[in-house]
>>> print(open('data-v2.csv').read())   # CSV, C-alpha atoms
chain,number,residue,atom,x,y,z
B,1,MET,CA,-15.0,30.1,-46.0
B,2,THR,CA,-15.7,28.2,-49.2
B,3,ALA,CA,-18.1,29.4,-51.9
B,4,VAL,CA,-19.7,27.0,-54.5
B,5,GLU,CA,-20.8,28.5,-57.7
B,6,ILE,CA,-22.0,26.8,-60.9
B,7,ASP,CA,-22.2,29.8,-63.3
B,8,ARG,CA,-18.9,29.9,-65.2
B,9,HIS,CA,-19.5,33.6,-66.1
B,10,VAL,CA,-20.0,34.5,-62.4
B,11,VAL,CA,-17.0,32.5,-61.0
B,12,PRO,CA,-14.2,34.8,-62.2
B,13,VAL,CA,-16.0,37.9,-60.9
B,14,LEU,CA,-16.7,36.2,-57.6
B,15,ARG,CA,-13.1,35.2,-57.3
B,16,GLY,CA,-11.9,38.7,-57.9
B,17,VAL,CA,-14.2,40.1,-55.2
B,18,VAL,CA,-13.9,37.5,-52.4
B,19,GLU,CA,-10.6,35.6,-52.8
B,20,PRO,CA,-8.5,38.5,-51.6
B,21,HIS,CA,-10.4,38.2,-48.3
B,22,GLY,CA,-9.5,34.5,-47.9
B,23,VAL,CA,-12.6,32.9,-49.5
B,24,THR,CA,-12.1,29.8,-51.7
B,25,VAL,CA,-14.3,29.8,-54.7
B,26,VAL,CA,-15.1,26.4,-56.2
B,27,GLU,CA,-16.8,26.1,-59.6
B,28,ALA,CA,-19.1,23.1,-59.2
B,29,ASP,CA,-22.7,21.9,-59.3
B,30,ALA,CA,-23.8,21.6,-55.7
B,31,MET,CA,-26.0,18.6,-56.5
B,32,HIS,CA,-22.9,16.7,-57.8
B,33,ALA,CA,-20.0,18.2,-55.9
B,34,ASP,CA,-17.5,16.1,-53.9
B,35,TRP,CA,-18.6,17.4,-50.5
B,36,ASP,CA,-16.3,15.1,-48.6
B,37,ALA,CA,-13.3,16.8,-50.3
B,38,LEU,CA,-14.8,20.3,-50.1
B,39,LEU,CA,-15.4,20.0,-46.3
B,40,SER,CA,-12.3,17.9,-45.4
B,41,ALA,CA,-10.4,20.9,-43.8
B,42,PHE,CA,-12.8,21.2,-40.8
B,43,ASP,CA,-15.0,18.9,-38.8
B,44,ARG,CA,-18.0,21.3,-38.5
B,45,TRP,CA,-19.4,23.6,-41.1
B,46,VAL,CA,-22.3,26.0,-41.5
B,47,LEU,CA,-24.0,26.1,-44.9
B,48,VAL,CA,-25.5,29.5,-45.9
B,49,ALA,CA,-27.1,29.6,-49.3
B,50,ASN,CA,-29.7,31.2,-51.6
B,51,LEU,CA,-30.8,27.9,-53.2
B,52,PRO,CA,-32.3,27.6,-56.7
B,53,TYR,CA,-35.9,26.6,-55.9
B,54,ASN,CA,-36.0,23.5,-58.1
B,55,ILE,CA,-33.1,21.8,-56.2
B,56,ALA,CA,-33.7,23.2,-52.7
B,57,THR,CA,-35.4,20.1,-51.2
B,58,PRO,CA,-33.2,17.4,-52.7
B,59,LEU,CA,-30.0,19.3,-52.0
B,60,VAL,CA,-30.9,19.9,-48.3
B,61,LEU,CA,-31.9,16.3,-47.8
B,62,ASP,CA,-28.9,15.0,-49.7
B,63,LEU,CA,-26.5,17.1,-47.6
B,64,LEU,CA,-28.1,16.0,-44.4
B,65,ALA,CA,-27.6,12.3,-45.5
B,66,GLY,CA,-24.2,12.6,-47.1
B,67,ALA,CA,-22.4,15.5,-45.6
B,68,PRO,CA,-22.3,15.0,-41.8
B,69,ARG,CA,-19.7,17.8,-41.3
B,70,ILE,CA,-22.5,20.3,-42.1
B,71,ALA,CA,-23.9,21.0,-38.6
B,72,ARG,CA,-26.2,23.8,-39.5
B,73,MET,CA,-27.8,25.4,-42.5
B,74,LEU,CA,-29.4,28.8,-43.2
B,75,VAL,CA,-31.1,28.6,-46.6
B,76,MET,CA,-33.3,30.9,-48.6
B,77,VAL,CA,-35.9,29.0,-50.5
B,78,GLN,CA,-39.3,29.5,-52.0
B,79,ARG,CA,-41.9,30.0,-49.3
B,80,GLU,CA,-43.8,26.8,-50.0
B,81,VAL,CA,-40.6,24.8,-50.0
B,82,GLY,CA,-39.4,26.3,-46.8
B,83,GLU,CA,-42.7,25.8,-45.0
B,84,ARG,CA,-42.7,22.1,-46.2
B,85,LEU,CA,-39.2,21.5,-44.8
B,86,ALA,CA,-40.1,23.0,-41.5
B,87,ALA,CA,-43.6,21.7,-41.1
B,88,GLY,CA,-44.8,19.4,-38.3
B,89,THR,CA,-47.8,17.2,-37.9
B,90,GLY,CA,-51.0,19.2,-38.2
B,91,ASP,CA,-49.5,21.7,-40.6
B,92,ALA,CA,-51.0,21.9,-44.1
B,93,ALA,CA,-47.5,21.8,-45.6
B,94,TYR,CA,-46.5,18.6,-43.7
B,95,GLY,CA,-45.3,15.9,-46.1
B,96,ALA,CA,-42.6,13.3,-46.8
B,97,PRO,CA,-39.8,15.9,-47.0
B,98,SER,CA,-40.8,17.2,-43.6
B,99,VAL,CA,-40.5,13.8,-42.0
B,100,ARG,CA,-37.3,12.9,-43.8
B,101,LEU,CA,-35.7,16.2,-42.7
B,102,SER,CA,-36.9,15.6,-39.1
B,103,TYR,CA,-35.0,12.2,-39.1
B,104,TRP,CA,-31.7,14.2,-39.4
B,105,ALA,CA,-32.5,17.6,-38.1
B,106,THR,CA,-34.8,20.2,-36.8
B,107,ALA,CA,-36.0,23.1,-39.0
B,108,ARG,CA,-37.8,26.3,-38.6
B,109,VAL,CA,-38.7,29.3,-40.7
B,110,VAL,CA,-36.8,32.3,-39.2
B,111,GLY,CA,-37.6,35.0,-41.7
B,112,ARG,CA,-39.7,36.0,-44.7
B,113,VAL,CA,-38.3,37.7,-47.8
B,114,PRO,CA,-40.9,39.5,-50.0
B,115,ALA,CA,-40.7,39.4,-53.8
B,116,THR,CA,-40.2,43.2,-53.8
B,117,VAL,CA,-36.6,43.0,-52.7
B,118,PHE,CA,-35.6,41.2,-55.9
B,119,VAL,CA,-34.9,42.7,-59.4
B,120,PRO,CA,-36.6,41.6,-61.5
B,121,LYS,CA,-39.5,40.8,-59.1
B,122,PRO,CA,-40.3,37.1,-59.0
B,123,ARG,CA,-43.8,35.7,-58.8
B,124,VAL,CA,-43.0,33.9,-55.5
B,125,GLU,CA,-42.2,34.8,-52.0
B,126,SER,CA,-39.1,33.4,-50.2
B,127,VAL,CA,-38.3,32.4,-46.6
B,128,LEU,CA,-35.2,31.8,-44.6
B,129,VAL,CA,-35.1,28.3,-43.0
B,130,ALA,CA,-32.7,27.4,-40.2
B,131,VAL,CA,-31.7,23.7,-40.1
B,132,GLU,CA,-30.0,22.2,-37.1
B,133,ARG,CA,-28.5,18.8,-37.4
B,134,ARG,CA,-29.4,16.4,-34.5
B,135,ASP,CA,-26.5,14.7,-32.6
B,136,ALA,CA,-28.0,11.4,-33.8
B,137,PRO,CA,-30.9,10.5,-36.0
B,138,ALA,CA,-34.3,11.0,-34.4
B,139,VAL,CA,-35.2,7.3,-34.4
B,140,ASP,CA,-33.3,4.0,-34.2
B,141,ALA,CA,-34.6,2.3,-37.3
B,142,ASP,CA,-33.3,1.1,-40.6
B,143,ARG,CA,-33.1,4.2,-42.7
B,144,ASP,CA,-34.0,2.6,-46.0
B,145,ALA,CA,-37.0,0.8,-44.5
B,146,LEU,CA,-38.1,4.0,-42.8
B,147,PHE,CA,-37.9,6.1,-45.9
B,148,ARG,CA,-39.7,3.4,-48.0
B,149,LEU,CA,-42.6,3.5,-45.5
B,150,ILE,CA,-42.7,7.3,-45.5
B,151,ALA,CA,-42.7,7.4,-49.3
B,152,ALA,CA,-45.5,4.7,-49.5
B,153,GLY,CA,-47.6,6.5,-46.9
B,154,PHE,CA,-47.4,9.9,-48.5
B,155,GLY,CA,-47.7,8.5,-51.9
B,156,GLN,CA,-51.4,7.9,-51.1
B,157,ARG,CA,-51.7,10.4,-48.3
B,158,ARG,CA,-55.5,10.6,-48.5
B,159,LYS,CA,-55.8,6.9,-47.7
B,160,MET,CA,-55.7,5.4,-44.3
B,161,LEU,CA,-52.4,3.7,-43.4
B,162,ARG,CA,-53.9,0.3,-43.5
B,163,ARG,CA,-54.4,0.9,-47.2
B,164,SER,CA,-51.4,3.0,-48.2
B,165,LEU,CA,-49.0,0.6,-46.3
B,166,ALA,CA,-50.8,-2.6,-47.4
B,167,GLY,CA,-48.1,-5.3,-48.0
B,168,LEU,CA,-45.6,-3.4,-46.0
B,169,VAL,CA,-47.1,-3.2,-42.5
B,170,ASP,CA,-49.7,-5.5,-41.0
B,171,ASP,CA,-52.1,-5.2,-38.1
B,172,ALA,CA,-49.5,-6.6,-35.7
B,173,ALA,CA,-47.1,-3.9,-36.6
B,174,PHE,CA,-49.6,-1.1,-36.1
B,175,ALA,CA,-50.5,-2.6,-32.7
B,176,ALA,CA,-46.8,-3.0,-31.7
B,177,ALA,CA,-45.9,0.5,-32.8
B,178,GLY,CA,-49.0,2.1,-31.1
B,179,VAL,CA,-50.2,3.6,-34.4
B,180,ALA,CA,-53.8,3.5,-35.4
B,181,PRO,CA,-54.2,1.8,-38.8
B,182,THR,CA,-57.0,4.3,-39.5
B,183,ALA,CA,-54.5,7.2,-39.3
B,184,ARG,CA,-53.2,8.9,-42.4
B,185,ALA,CA,-49.5,9.6,-43.2
B,186,GLU,CA,-49.9,13.3,-42.2
B,187,ASP,CA,-50.9,12.3,-38.7
B,188,LEU,CA,-47.6,10.6,-37.8
B,189,ASP,CA,-44.5,12.3,-36.5
B,190,ILE,CA,-41.0,10.9,-37.0
B,191,ALA,CA,-41.2,8.9,-33.7
B,192,GLN,CA,-44.3,7.0,-34.9
B,193,TRP,CA,-42.8,6.3,-38.4
B,194,GLY,CA,-39.7,5.1,-36.6
B,195,ARG,CA,-41.6,2.6,-34.5
B,196,LEU,CA,-43.4,1.2,-37.6
B,197,ALA,CA,-40.1,0.9,-39.4
B,198,ALA,CA,-38.3,-0.7,-36.4
B,199,TRP,CA,-41.0,-3.3,-36.1
B,200,LYS,CA,-40.8,-4.1,-39.8
B,201,SER,CA,-37.0,-4.4,-39.7
B,202,ASN,CA,-37.1,-6.7,-36.6
B,203,SER,CA,-40.1,-8.8,-37.6
B,204,PRO,CA,-39.3,-12.4,-38.9
B,205,GLU,CA,-39.6,-13.0,-42.6
B,206,PRO,CA,-42.5,-15.3,-43.6
B,207,SER,CA,-41.5,-18.9,-44.3
>>> encode(input="data-v2.csv", output="structure tokens")
Amino acid sequence: MTAVEIDRHVVPVLRGVVEPHGVTVVEADAMHADWDALLSAFDRWVLVANLPYNIATPLVLDLLAGAPRIARMLVMVQREVGERLAAGTGDAAYGAPSVRLSYWATARVVGRVPATVFVPKPRVESVLVAVERRDAPAVDADRDALFRLIAAGFGQRRKMLRRSLAGLVDDAAFAAAGVAPTARAEDLDIAQWGRLAAWKSNSPEPS
């Protein structure tokens, strides 16, 4: 077991408590840690964390992209953040982070943590989110092209895709992908985004 802690005042106390039981404590910022080095001892890891709410989404997505040895996660995050990570099409919380996570993994809310269990009591509720990495990405498409489309679509999520993706996807792409140009970003699951991105990646450049 390896514990990552950024607070230099907490690190010596944590080491005194857990290192006698075989836990390695690393003083590091999780957002900038050398995860390849930290995880090199084993091929598969499970991440369990109470994540600072302001870094929860970028950290989870960065680890899915850059730390393939992490096979599963169980993270406690702010309720709105957790619902967004685990959301599917049709859910009010569904957005770009939901789709990007679903490229790498599946996620579900497995528990709710009321504010009353914390001292001092925060103004937010928390949830536990279980993340399970897929054996392979959900779609066979260029990742950069896929994520650019997702960002563009949700950047103007109230607009129809023919408007929000103008200049990136044309009518032929919508037809080939089986996606209605009148749909909005929140209507598409990862498979549909993948078909749009795959068509774009394989389409010939204009002469």
>>> residues_around(input="data-v2.csv", residues="Val109 in chain B", least_positions_apart="3", cutoff="7 Å", atoms="all atoms listed in the file", output="mmCIF file with C-alpha atoms, in the frame of the given file")
data_model
loop_
_atom_site.group_PDB
_atom_site.id
_atom_site.type_symbol
_atom_site.label_atom_id
_atom_site.label_comp_id
_atom_site.auth_asym_id
_atom_site.auth_seq_id
_atom_site.Cartn_x
_atom_site.Cartn_y
_atom_site.Cartn_z
ATOM 1 C CA GLY B 82 -39.400 26.300 -46.800
ATOM 2 C CA GLU B 83 -42.700 25.800 -45.000
ATOM 3 C CA ALA B 86 -40.100 23.000 -41.500
ATOM 4 C CA VAL B 127 -38.300 32.400 -46.600
ATOM 5 C CA LEU B 128 -35.200 31.800 -44.600
ATOM 6 C CA VAL B 129 -35.100 28.300 -43.000
ATOM 7 C CA ALA B 130 -32.700 27.400 -40.200
#
>>> residues_around(input="data-v2.csv", residues="range 132-146 of chain B", least_positions_apart="2", cutoff="7 Å", atoms="only C-alpha atoms", output="list in words")
Ala71, Arg72, Met73, Tyr103, Trp104, Ala105, Thr106, Ala107, Ala130, Arg148, Leu149, Ile150, Ala191, Trp193, Gly194, Ala197, Ala198 and Ser201 of chain B
>>> residues_near_point(input="data-v2.csv", point="(-35.3, 19.3, -49.0)", cutoff="9 Å", atoms="only C-alpha atoms", output="MDAnalysis selection string")
chainID B and resid 55:62 81:82 84:85 97:98 100:101
>>> residues_around(input="data-v2.csv", residues="range 32-41 of chain B", least_positions_apart="4", cutoff="12 Å", atoms="only C-alpha atoms", output="PyMOL selection string")
chain B and resi 1-6+24-28+45-47+55+58-59+62-71
>>> atom_distance(input="data-v2.csv", atom1="CA of Arg184 in chain B", atom2="CA of Val77 in chain B")
27.7 Å
>>> closest_atom_pairs(input="data-v2.csv", of="range 75-128 of chain B", to="range 157-166 of chain B", cutoff="12 Å", atoms="all atoms listed in the file", output="Markdown table")
| residue | atom | partner | partner_atom | distance |
| --- | --- | --- | --- | --- |
| B:Tyr94 | CA | B:Arg157 | CA | 10.7 |
| B:Gly95 | CA | B:Arg157 | CA | 8.7 |
| B:Ala96 | CA | B:Arg157 | CA | 9.7 |
>>> closest_residue(input="data-v2.csv", among="B:His9, B:Leu74, B:Trp199, B:Val17", to="Ala172 in chain B", atoms="all atoms listed in the file")
B:Trp199
>>> atom_distance(input="data-v2.csv", atom1="CA of Arg195 in chain B", atom2="CA of Gly178 in chain B")
8.2 Å
>>> closest_residue(input="data-v2.csv", among="B:His21, B:Ser102, B:Ala185, B:Ala173", to="Gly88 in chain B", atoms="only C-alpha atoms")
B:Ser102
>>> closest_residue(input="data-v2.csv", among="B:Ala87, B:Ala115, B:Val110, B:Ala175", to="Asp189 in chain B", atoms="all atoms listed in the file")
B:Ala87
>>> closest_residue(input="data-v2.csv", among="B:Gln78, B:Thr89, B:Ala152, B:Phe174", to="Arg123 in chain B", atoms="all atoms listed in the file")
B:Gln78
>>> atom_distance(input="data-v2.csv", atom1="CA of Leu51 in chain B", atom2="CA of Val18 in chain B")
19.5 Å
>>> closest_residue(input="data-v2.csv", among="B:Leu168, B:Val99, B:Met31, B:Ala49", to="Phe154 in chain B", atoms="all atoms listed in the file")
B:Val99
